[in-house]
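Printed here is query.txt (compact mmCIF, C-alpha atoms):
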```txt
# COMPACT_ATOMS: atom_id res chain seq x y z
CA MET A 1 -31.71 -92.06 56.07
CA LYS A 2 -30.76 -88.61 54.84
CA PHE A 3 -31.92 -87.94 51.28
CA SER A 4 -31.39 -85.11 48.86
CA ILE A 5 -33.27 -84.76 45.63
CA GLN A 6 -32.35 -83.15 42.34
CA ILE A 7 -35.13 -82.19 39.91
CA ASN A 8 -34.16 -81.48 36.31
CA GLU A 9 -37.51 -80.86 34.63
CA GLY A 10 -40.25 -78.26 34.84
CA PRO A 11 -43.78 -78.83 36.18
CA TYR A 12 -46.64 -80.26 34.09
CA GLN A 13 -44.52 -80.76 30.95
CA HIS A 14 -42.79 -83.65 32.69
CA GLN A 15 -43.59 -86.01 35.55
CA ALA A 16 -40.15 -85.63 37.21
CA SER A 17 -41.29 -83.06 39.76
CA ASP A 18 -44.46 -85.03 40.60
CA SER A 19 -42.50 -88.24 41.07
CA ALA A 20 -39.91 -86.46 43.19
CA TYR A 21 -42.69 -84.96 45.31
CA GLN A 22 -44.30 -88.38 45.86
CA PHE A 23 -40.89 -89.77 46.74
CA ALA A 24 -40.17 -86.96 49.22
CA LYS A 25 -43.60 -87.27 50.84
CA ALA A 26 -43.22 -91.04 51.23
CA ALA A 27 -39.68 -90.68 52.58
CA ILE A 28 -40.77 -88.16 55.21
CA ALA A 29 -43.76 -90.32 56.15
CA ALA A 30 -41.38 -93.26 56.64
CA GLY A 31 -39.31 -91.19 59.06
CA HIS A 32 -36.47 -90.25 56.72
CA GLU A 33 -34.96 -86.79 56.40
CA ILE A 34 -34.99 -84.69 53.24
CA PHE A 35 -31.83 -82.62 53.57
CA ARG A 36 -32.37 -80.60 50.42
CA VAL A 37 -34.33 -80.49 47.17
CA PHE A 38 -32.31 -78.88 44.39
CA PHE A 39 -34.03 -77.55 41.27
CA TYR A 40 -31.88 -77.44 38.14
CA HIS A 41 -32.30 -77.05 34.36
CA ASP A 42 -36.02 -76.37 33.63
CA GLY A 43 -36.67 -77.70 37.13
CA VAL A 44 -36.28 -74.11 38.32
CA ASN A 45 -39.77 -73.43 36.94
CA ASN A 46 -41.18 -75.50 39.82
CA ALA A 47 -40.55 -72.47 42.04
CA SER A 48 -42.79 -69.95 40.27
CA ARG A 49 -45.33 -68.44 42.62
CA PHE A 50 -47.32 -67.36 39.54
CA THR A 51 -48.22 -70.94 38.69
CA VAL A 52 -52.02 -71.18 38.28
CA PRO A 53 -53.19 -74.63 37.16
CA PRO A 54 -56.88 -75.40 36.49
CA GLN A 55 -58.85 -75.98 39.69
CA ASP A 56 -59.28 -79.70 39.14
CA ASP A 57 -55.53 -80.27 38.81
CA ARG A 58 -52.74 -80.49 41.38
CA ASN A 59 -50.67 -77.40 42.08
CA VAL A 60 -47.12 -78.68 41.74
CA VAL A 61 -45.52 -75.56 43.22
CA ASN A 62 -47.80 -75.39 46.26
CA GLN A 63 -47.37 -79.12 46.87
CA TRP A 64 -43.66 -78.55 47.31
CA ALA A 65 -44.26 -75.48 49.45
CA GLU A 66 -46.60 -77.46 51.73
CA LEU A 67 -43.91 -80.06 52.39
CA ASP A 68 -42.22 -77.19 54.21
CA ILE A 69 -38.67 -78.53 53.90
CA LYS A 70 -36.45 -76.31 56.03
CA ASN A 71 -33.10 -76.54 57.80
CA ALA A 72 -32.37 -76.01 61.49
CA ASP A 73 -32.08 -72.25 60.88
CA GLY A 74 -35.57 -72.19 59.40
CA GLU A 75 -34.35 -71.48 55.86
CA PRO A 76 -36.10 -73.27 53.01
CA GLU A 77 -34.24 -76.28 51.67
CA LEU A 78 -36.10 -76.09 48.39
CA VAL A 79 -33.15 -74.60 46.51
CA VAL A 80 -33.25 -73.14 43.02
CA CYS A 81 -30.01 -72.90 41.02
CA VAL A 82 -29.27 -69.21 40.49
CA ALA A 83 -27.64 -69.50 37.05
CA ALA A 84 -30.34 -71.80 35.71
CA ALA A 85 -33.07 -69.60 37.23
CA LEU A 86 -31.81 -66.26 35.96
CA ARG A 87 -31.42 -67.41 32.38
CA ARG A 88 -35.01 -68.67 32.47
CA GLY A 89 -36.54 -65.53 33.96
CA MET A 90 -36.93 -66.86 37.49
CA LEU A 91 -35.93 -64.17 40.00
CA ASP A 92 -36.43 -63.45 43.67
CA GLU A 93 -36.55 -59.93 45.06
CA SER A 94 -32.81 -59.67 45.60
CA GLU A 95 -31.85 -60.96 42.13
CA ALA A 96 -34.48 -58.75 40.51
CA SER A 97 -33.11 -55.62 42.15
CA LYS A 98 -29.50 -56.68 41.46
CA ASN A 99 -30.30 -57.11 37.78
CA GLY A 100 -32.58 -54.09 37.42
CA VAL A 101 -35.67 -56.17 36.72
CA GLU A 102 -39.12 -55.22 37.95
CA GLY A 103 -41.09 -57.90 39.78
CA ASN A 104 -40.09 -61.29 41.04
CA ASN A 105 -41.61 -64.75 40.90
CA ILE A 106 -39.87 -67.14 43.29
CA HIS A 107 -42.31 -68.67 45.78
CA PRO A 108 -41.29 -67.81 49.38
CA ALA A 109 -41.01 -71.51 50.29
CA PHE A 110 -38.03 -71.71 47.91
CA ARG A 111 -34.70 -69.92 47.90
CA ILE A 112 -32.17 -69.15 45.18
CA SER A 113 -28.60 -70.29 45.64
CA GLY A 114 -25.58 -71.64 43.79
CA LEU A 115 -24.62 -75.00 42.35
CA GLY A 116 -22.33 -75.55 45.33
CA GLN A 117 -25.50 -76.39 47.25
CA LEU A 118 -26.07 -79.36 44.97
CA ILE A 119 -22.56 -80.68 45.53
CA GLU A 120 -22.88 -80.10 49.27
CA ALA A 121 -26.16 -82.03 49.23
CA GLY A 122 -24.35 -84.91 47.53
CA ILE A 123 -21.63 -84.86 50.17
CA GLN A 124 -23.91 -84.48 53.20
CA SER A 125 -26.67 -86.92 52.25
CA ASP A 126 -26.71 -90.70 52.32
CA ARG A 127 -28.40 -90.67 48.92
CA LEU A 128 -28.85 -88.09 46.17
CA VAL A 129 -31.78 -89.05 43.98
CA VAL A 130 -32.07 -87.46 40.54
CA PHE A 131 -35.44 -87.00 38.83
CA GLY A 132 -35.36 -86.02 35.19
CA ASP A 133 -35.47 -87.05 31.58
CA MET B 1 -15.25 -82.28 54.57
CA ALA B 2 -15.72 -85.87 53.53
CA THR B 3 -14.48 -86.95 50.13
CA LYS B 4 -16.91 -88.86 48.00
CA LYS B 5 -16.78 -90.30 44.52
CA PHE B 6 -18.90 -88.15 42.22
CA MET B 7 -19.71 -89.25 38.70
CA TYR B 8 -21.33 -86.97 36.14
CA LEU B 9 -23.16 -89.01 33.58
CA ASN B 10 -23.56 -87.18 30.26
CA ARG B 11 -26.17 -88.72 28.01
CA LYS B 12 -27.16 -85.95 25.60
CA ALA B 13 -25.52 -84.09 22.71
CA SER B 14 -24.12 -80.61 23.23
CA TYR B 15 -26.59 -78.25 21.58
CA GLY B 16 -30.05 -79.79 21.10
CA THR B 17 -30.90 -79.33 24.77
CA VAL B 18 -29.37 -77.45 27.68
CA TYR B 19 -28.27 -80.53 29.66
CA ALA B 20 -24.69 -80.73 28.38
CA ILE B 21 -23.64 -77.16 29.14
CA GLU B 22 -25.45 -77.07 32.49
CA SER B 23 -23.81 -80.37 33.41
CA LEU B 24 -20.40 -78.90 32.66
CA GLU B 25 -21.28 -75.92 34.87
CA VAL B 26 -21.89 -78.32 37.77
CA VAL B 27 -18.62 -80.13 37.10
CA LEU B 28 -16.65 -76.87 37.18
CA ILE B 29 -18.29 -75.83 40.47
CA ALA B 30 -17.76 -79.31 41.90
CA ALA B 31 -14.02 -78.99 41.26
CA ALA B 32 -13.85 -76.46 44.10
CA PHE B 33 -15.15 -79.06 46.58
CA GLU B 34 -12.12 -81.35 46.20
CA GLN B 35 -14.14 -84.47 45.61
CA ASP B 36 -13.12 -87.46 43.54
CA VAL B 37 -14.74 -86.52 40.23
CA SER B 38 -15.21 -88.55 37.09
CA LEU B 39 -17.28 -88.02 33.96
CA ALA B 40 -18.96 -90.59 31.78
CA PHE B 41 -20.19 -90.07 28.23
CA ILE B 42 -22.81 -92.46 26.95
CA ASP B 43 -25.48 -92.45 24.23
CA ASP B 44 -25.54 -89.07 22.42
CA GLY B 45 -23.38 -87.71 25.27
CA VAL B 46 -20.32 -88.92 23.34
CA TYR B 47 -20.90 -86.06 20.87
CA GLN B 48 -20.02 -83.58 23.64
CA ILE B 49 -16.31 -84.31 23.32
CA VAL B 50 -16.06 -84.79 19.56
CA GLU B 51 -13.21 -82.77 18.04
CA GLY B 52 -13.89 -79.88 15.68
CA GLN B 53 -17.26 -78.62 16.90
CA ASN B 54 -18.46 -75.48 15.16
CA THR B 55 -21.56 -73.58 16.26
CA ASP B 56 -21.25 -70.64 13.84
CA GLY B 57 -24.44 -71.59 12.03
CA ILE B 58 -26.70 -72.01 15.06
CA GLY B 59 -26.02 -68.88 17.11
CA MET B 60 -25.00 -70.78 20.22
CA LYS B 61 -21.90 -70.63 22.34
CA ASN B 62 -19.34 -73.32 21.47
CA PHE B 63 -18.46 -74.53 24.95
CA SER B 64 -16.51 -77.60 23.85
CA LYS B 65 -13.19 -75.85 24.53
CA THR B 66 -14.10 -75.78 28.23
CA PHE B 67 -13.44 -79.52 28.37
CA HIS B 68 -9.75 -78.76 27.83
CA ALA B 69 -9.74 -76.88 31.15
CA LEU B 70 -10.89 -79.89 33.18
CA GLY B 71 -7.34 -81.26 33.51
CA ASP B 72 -6.30 -78.07 35.32
CA TYR B 73 -9.05 -78.75 37.87
CA ASP B 74 -7.73 -82.27 38.55
CA ILE B 75 -10.63 -83.76 36.64
CA ASN B 76 -8.93 -86.40 34.55
CA LYS B 77 -11.19 -89.43 34.52
CA LEU B 78 -13.39 -89.13 31.45
CA TYR B 79 -14.93 -92.48 30.49
CA VAL B 80 -16.50 -92.89 27.07
CA SER B 81 -18.76 -95.78 26.16
CA ALA B 82 -17.22 -97.85 23.37
CA GLU B 83 -20.63 -99.10 22.31
CA SER B 84 -22.09 -95.59 22.14
CA LEU B 85 -19.17 -94.48 19.92
CA GLU B 86 -19.53 -97.46 17.64
CA GLU B 87 -23.32 -97.08 17.30
CA ARG B 88 -22.68 -93.56 16.01
CA GLY B 89 -19.88 -94.47 13.60
CA LEU B 90 -17.30 -92.74 15.80
CA THR B 91 -13.92 -93.89 17.09
CA ALA B 92 -11.58 -92.64 19.82
CA ASP B 93 -9.74 -90.66 17.07
CA ASP B 94 -12.82 -88.47 16.60
CA LEU B 95 -12.63 -87.23 20.19
CA MET B 96 -10.81 -84.17 21.51
CA PRO B 97 -7.31 -85.02 22.77
CA LEU B 98 -8.04 -84.03 26.37
CA VAL B 99 -5.06 -84.29 28.70
CA TYR B 100 -3.93 -83.54 32.24
CA GLU B 101 -0.54 -83.10 33.87
CA ASP B 102 0.21 -85.90 36.33
CA GLU B 103 1.74 -84.33 39.44
CA ASP B 104 2.83 -87.77 40.68
CA ASP B 105 4.78 -88.39 37.50
CA ASP B 106 6.85 -85.21 37.00
CA TRP B 107 3.83 -83.39 35.52
CA GLU B 108 3.84 -85.60 32.48
CA GLU B 109 0.96 -84.92 30.13
CA LYS B 110 -1.41 -87.87 30.03
CA PRO B 111 -4.72 -88.53 28.28
CA SER B 112 -7.87 -87.95 30.35
CA VAL B 113 -10.20 -89.81 28.01
CA LYS B 114 -10.59 -93.53 28.34
CA VAL B 115 -12.84 -95.57 26.07
CA VAL B 116 -14.44 -98.41 28.04
CA SER B 117 -17.10 -101.02 27.39
CA ASN B 118 -20.55 -100.55 28.89
CA ALA B 119 -19.83 -103.51 31.16
CA GLU B 120 -16.70 -101.78 32.51
CA LEU B 121 -18.55 -98.51 32.83
CA SER B 122 -21.28 -100.20 34.80
CA LYS B 123 -18.65 -101.47 37.25
CA ILE B 124 -17.14 -97.98 37.57
CA MET B 125 -20.61 -96.51 38.15
CA SER B 126 -21.46 -98.99 40.88
CA ASP B 127 -18.28 -97.93 42.65
CA GLN B 128 -19.50 -94.29 42.95
CA ASP B 129 -21.05 -92.59 45.98
CA VAL B 130 -22.98 -90.02 43.97
CA CYS B 131 -24.01 -90.30 40.34
CA LEU B 132 -25.54 -87.22 38.72
CA SER B 133 -27.28 -87.93 35.47
CA PHE B 134 -27.66 -85.27 32.77
```
C-alpha cells encoding of this file:
Amino acid sequence: MKFSIQINEGPYQHQASDSAYQFAKAAIAAGHEIFRVFFYHDGVNNASRFTVPPQDDRNVVNQWAELDIKNADGEPELVVCVAAALRRGMLDESEASKNGVEGNNIHPAFRISGLGQLIEAGIQSDRLVVFGD
Amino acid sequence: MATKKFMYLNRKASYGTVYAIESLEVVLIAAAFEQDVSLAFIDDGVYQIVEGQNTDGIGMKNFSKTFHALGDYDINKLYVSAESLEERGLTADDLMPLVYEDEDDDWEEKPSVKVVSNAELSKIMSDQDVCLSF
C-alpha cells in the first residue's frame, strides 16, 4: 500500500513525530511504500539539522533522515511546509538568501515546499495518516 | 488527476493555537486542486465560524473573514456539530452567515453551513477518502 504521513507537532515536546517514525519504519519493513512525509504546524521543527539531544536519547531528526525517503528522481520526500517553516525560523539555503537571512537550518534529508504537496500526497496515496495533537 | 473526497476537520478555537489558521491555509490551497472538499467543525472548532470575532485586544490577525471567501472557491459544505454547539451554549444563529452561489440553480445564494448531529457527521466522515485533522 502507498502511504503518506502528515506530522503536526514538533520533536520531543510531543510524541507525534516518534509515533509517525515508528509507523513509517514498520510500514517500510512490511513492504509498503511511503510516498511522502509532510511536516506542518510545529512539525516543521523536525527538520532542524541543529537538533542536539543528550547522548542517551534518540535523535528524532536523524532518525527521519536515516529512513532516507526519496522519490524516483532522488529528491527527499520528507517535505517541510514553506509557510509554516518560514514563520518559525526554519530556512534552507535558498529561502535564507531569498529573505536576506544569514545561515540556514534545514537538514539535507528534508526539502522545503508548498502545501500543494500535502494535497498531492492525499490524492496520490492510498492512505494519508495524520499524527498530531 | 483523480478526484477524491477531502474533509478538513477543525477541532480547535481560532486564536489559542495556530491550528485553525494553518488549517484554513491548507483549505485555500486545496481549492486549486479541484477536489471534493468539505469542512467539519467540532469541539472548540465551532468557535472558528462564530460571528463577530474581534482580535483588537490580542494583537493577532482576525482571519475569520476569510471563511466568507470559501464559497467563491466552490467550498460550500461546512458541517458543524450540533452537540459541540450546544455544549458551548451556542446555536446556529451565533455562526457567520456563510453562503455560496449555486451555479446549477441560477447562481442562487445558498447557505454553506449545515448543523448536523455527531452521528450524521460520523457517517459523512466515513464517506471521505482523506480526512485531515487540525
Discussion item. Please find the residues of chain B near chain A - the criterion being any atom within 8 Å, counting all atoms listed in the file - and write them as a ChimeraX atom specification.
Written reply: /B:2-4,18-19,22,26,29-30,33,130-133
Worksheet entry | Exercise: segment 102-109 of chain A partners within 6 Å, only C-alpha atoms, chain neighbours under 4 positions left out, as a ChimeraX atom specification | /A:47-49,65,76,91-93
Worksheet entry | Ref. answer, residues at most 6 Å from (-31.0, -75.2, 45.4) with only C-alpha atoms, as a PyMOL selection string | chain A and resi 38-39+78-81+113+117
Worksheet item: How far is it from atom CA of Arg88 of chain B to atom CA of Ser14 of chain B, in Å with one decimal?
Response: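 Computed distance, atom CA of Arg88 of chain B to atom CA of Ser14 of chain B, equals 14.9 Å.
Between atom CA of Asp94 of chain B and atom CA of Glu51 of chain B the interatomic distance comes to 5.9 Å.
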Worksheet item: At a cut-off of 8 Å from (-21.8, -95.0, 23.0) in the coordinates of the file, what residues are picked up using only C-alpha atoms, written as a list of chain:residue names?
Response: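 Using only C-alpha atoms, the matching residues come out as B:Phe41, B:Ile42, B:Asp43, B:Asp44, B:Gly45, B:Val46, B:Val80, B:Ser81, B:Ala82, B:Glu83, B:Ser84, B:Leu85, B:Glu86, B:Glu87, B:Arg88.
The nearest approach to Leu98 of chain B among the residues B:Ala32, B:Val115, B:Met7, B:Leu78, with all atoms listed in the file taken into account, belongs to B:Leu78.
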Practice prompt. Find, counting only C-alpha atoms, the residue in B:Tyr47, B:Ala119, B:Ser38, B:Lys65 that gets nearest to Ala20 of chain B.
Written response: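 Checking each of B:Tyr47, B:Ala119, B:Ser38, B:Lys65 against Ala20 of chain B, counting only C-alpha atoms, the winner is B:Tyr47.
Atom CA of Asn99 of chain A is positioned 18.0 Å from atom CA of Val44 of chain A.
By chain and then residue number, the residues within 10 Å of Lys25 of chain A are Ser19, Ala20, Tyr21, Ala29, Ala30, His32, Ile34, Gln63, Trp64 and Leu67 of chain A, counting all atoms listed in the file and disregarding those fewer than 4 positions away in sequence.
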Would you output that residue set with C-alpha atoms, as an mmCIF file, in the frame of the given file?
```cif
data_model
loop_
_atom_site.group_PDB
_atom_site.id
_atom_site.type_symbol
_atom_site.label_atom_id
_atom_site.label_comp_id
_atom_site.auth_asym_id
_atom_site.auth_seq_id
_atom_site.Cartn_x
_atom_site.Cartn_y
_atom_site.Cartn_z
ATOM 1 C CA SER A 19 -42.500 -88.240 41.070
ATOM 2 C CA ALA A 20 -39.910 -86.460 43.190
ATOM 3 C CA TYR A 21 -42.690 -84.960 45.310
ATOM 4 C CA ALA A 29 -43.760 -90.320 56.150
ATOM 5 C CA ALA A 30 -41.380 -93.260 56.640
ATOM 6 C CA HIS A 32 -36.470 -90.250 56.720
ATOM 7 C CA ILE A 34 -34.990 -84.690 53.240
ATOM 8 C CA GLN A 63 -47.370 -79.120 46.870
ATOM 9 C CA TRP A 64 -43.660 -78.550 47.310
ATOM 10 C CA LEU A 67 -43.910 -80.060 52.390
#
```
Practice prompt. Please identify all polymer residues within 10 Å of Pro97 of chain B, counting all atoms listed in the file, omitting same-chain residues fewer than 4 positions from it, and present them as a ChimeraX atom specification.
Written response: /B:49-51,67-68,92-93,110-113
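Minimum atom-to-atom distances from A:Arg36, A:Met90, A:Val61, A:Val52 to Ser17 of chain A were compared using all atoms listed in the file, and the lowest value belongs to A:Val61.
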Incomplete segment 69-90 of chain A brought to N, CA and C atoms, written out as a compact mmCIF listing (two decimals), in the frame of the given file:
```
# COMPACT_ATOMS: atom_id res chain seq x y z
N ILE A 69 -40.00 -77.96 53.63
CA ILE A 69 -38.67 -78.53 53.90
C ILE A 69 -37.71 -77.40 54.26
N LYS A 70 -37.31 -77.40 55.53
CA LYS A 70 -36.45 -76.31 56.03
C LYS A 70 -35.28 -76.90 56.80
N ASN A 71 -34.22 -76.09 56.98
CA ASN A 71 -33.10 -76.54 57.80
C ASN A 71 -33.28 -76.05 59.24
N ALA A 72 -32.29 -76.34 60.07
CA ALA A 72 -32.37 -76.01 61.49
C ALA A 72 -32.50 -74.50 61.72
N ASP A 73 -31.98 -73.71 60.76
CA ASP A 73 -32.08 -72.25 60.88
C ASP A 73 -33.40 -71.72 60.35
N GLY A 74 -34.27 -72.61 59.92
CA GLY A 74 -35.57 -72.19 59.40
C GLY A 74 -35.55 -71.70 57.97
N GLU A 75 -34.40 -71.88 57.28
CA GLU A 75 -34.35 -71.48 55.86
C GLU A 75 -34.92 -72.61 55.01
N PRO A 76 -35.58 -72.23 53.89
CA PRO A 76 -36.10 -73.27 53.01
C PRO A 76 -34.96 -74.11 52.44
N GLU A 77 -35.20 -75.41 52.36
CA GLU A 77 -34.24 -76.28 51.67
C GLU A 77 -34.79 -76.74 50.33
N LEU A 78 -35.71 -75.95 49.79
CA LEU A 78 -36.10 -76.09 48.39
C LEU A 78 -35.24 -75.06 47.66
N VAL A 79 -34.17 -75.51 47.01
CA VAL A 79 -33.15 -74.60 46.51
C VAL A 79 -33.16 -74.57 44.99
N VAL A 80 -33.19 -73.35 44.46
CA VAL A 80 -33.25 -73.14 43.02
C VAL A 80 -31.88 -72.65 42.54
N CYS A 81 -31.33 -73.29 41.53
CA CYS A 81 -30.01 -72.90 41.02
C CYS A 81 -30.08 -71.48 40.43
N VAL A 82 -29.21 -70.62 40.89
CA VAL A 82 -29.27 -69.21 40.49
C VAL A 82 -29.00 -69.03 39.00
N ALA A 83 -27.98 -69.68 38.47
CA ALA A 83 -27.64 -69.50 37.05
C ALA A 83 -28.75 -70.02 36.15
N ALA A 84 -29.26 -71.22 36.49
CA ALA A 84 -30.34 -71.80 35.71
C ALA A 84 -31.61 -70.95 35.82
N ALA A 85 -31.86 -70.39 37.00
CA ALA A 85 -33.07 -69.60 37.23
C ALA A 85 -33.02 -68.28 36.46
N LEU A 86 -31.89 -67.58 36.58
CA LEU A 86 -31.81 -66.26 35.96
C LEU A 86 -31.94 -66.33 34.45
N ARG A 87 -31.33 -67.36 33.83
CA ARG A 87 -31.42 -67.41 32.38
C ARG A 87 -32.81 -67.82 31.91
N ARG A 88 -33.64 -68.30 32.85
CA ARG A 88 -35.01 -68.67 32.47
C ARG A 88 -36.05 -67.69 33.03
N GLY A 89 -35.59 -66.54 33.49
CA GLY A 89 -36.54 -65.53 33.96
C GLY A 89 -37.15 -65.83 35.30
N MET A 90 -36.44 -66.58 36.14
CA MET A 90 -36.93 -66.86 37.49
C MET A 90 -36.08 -66.04 38.47
```
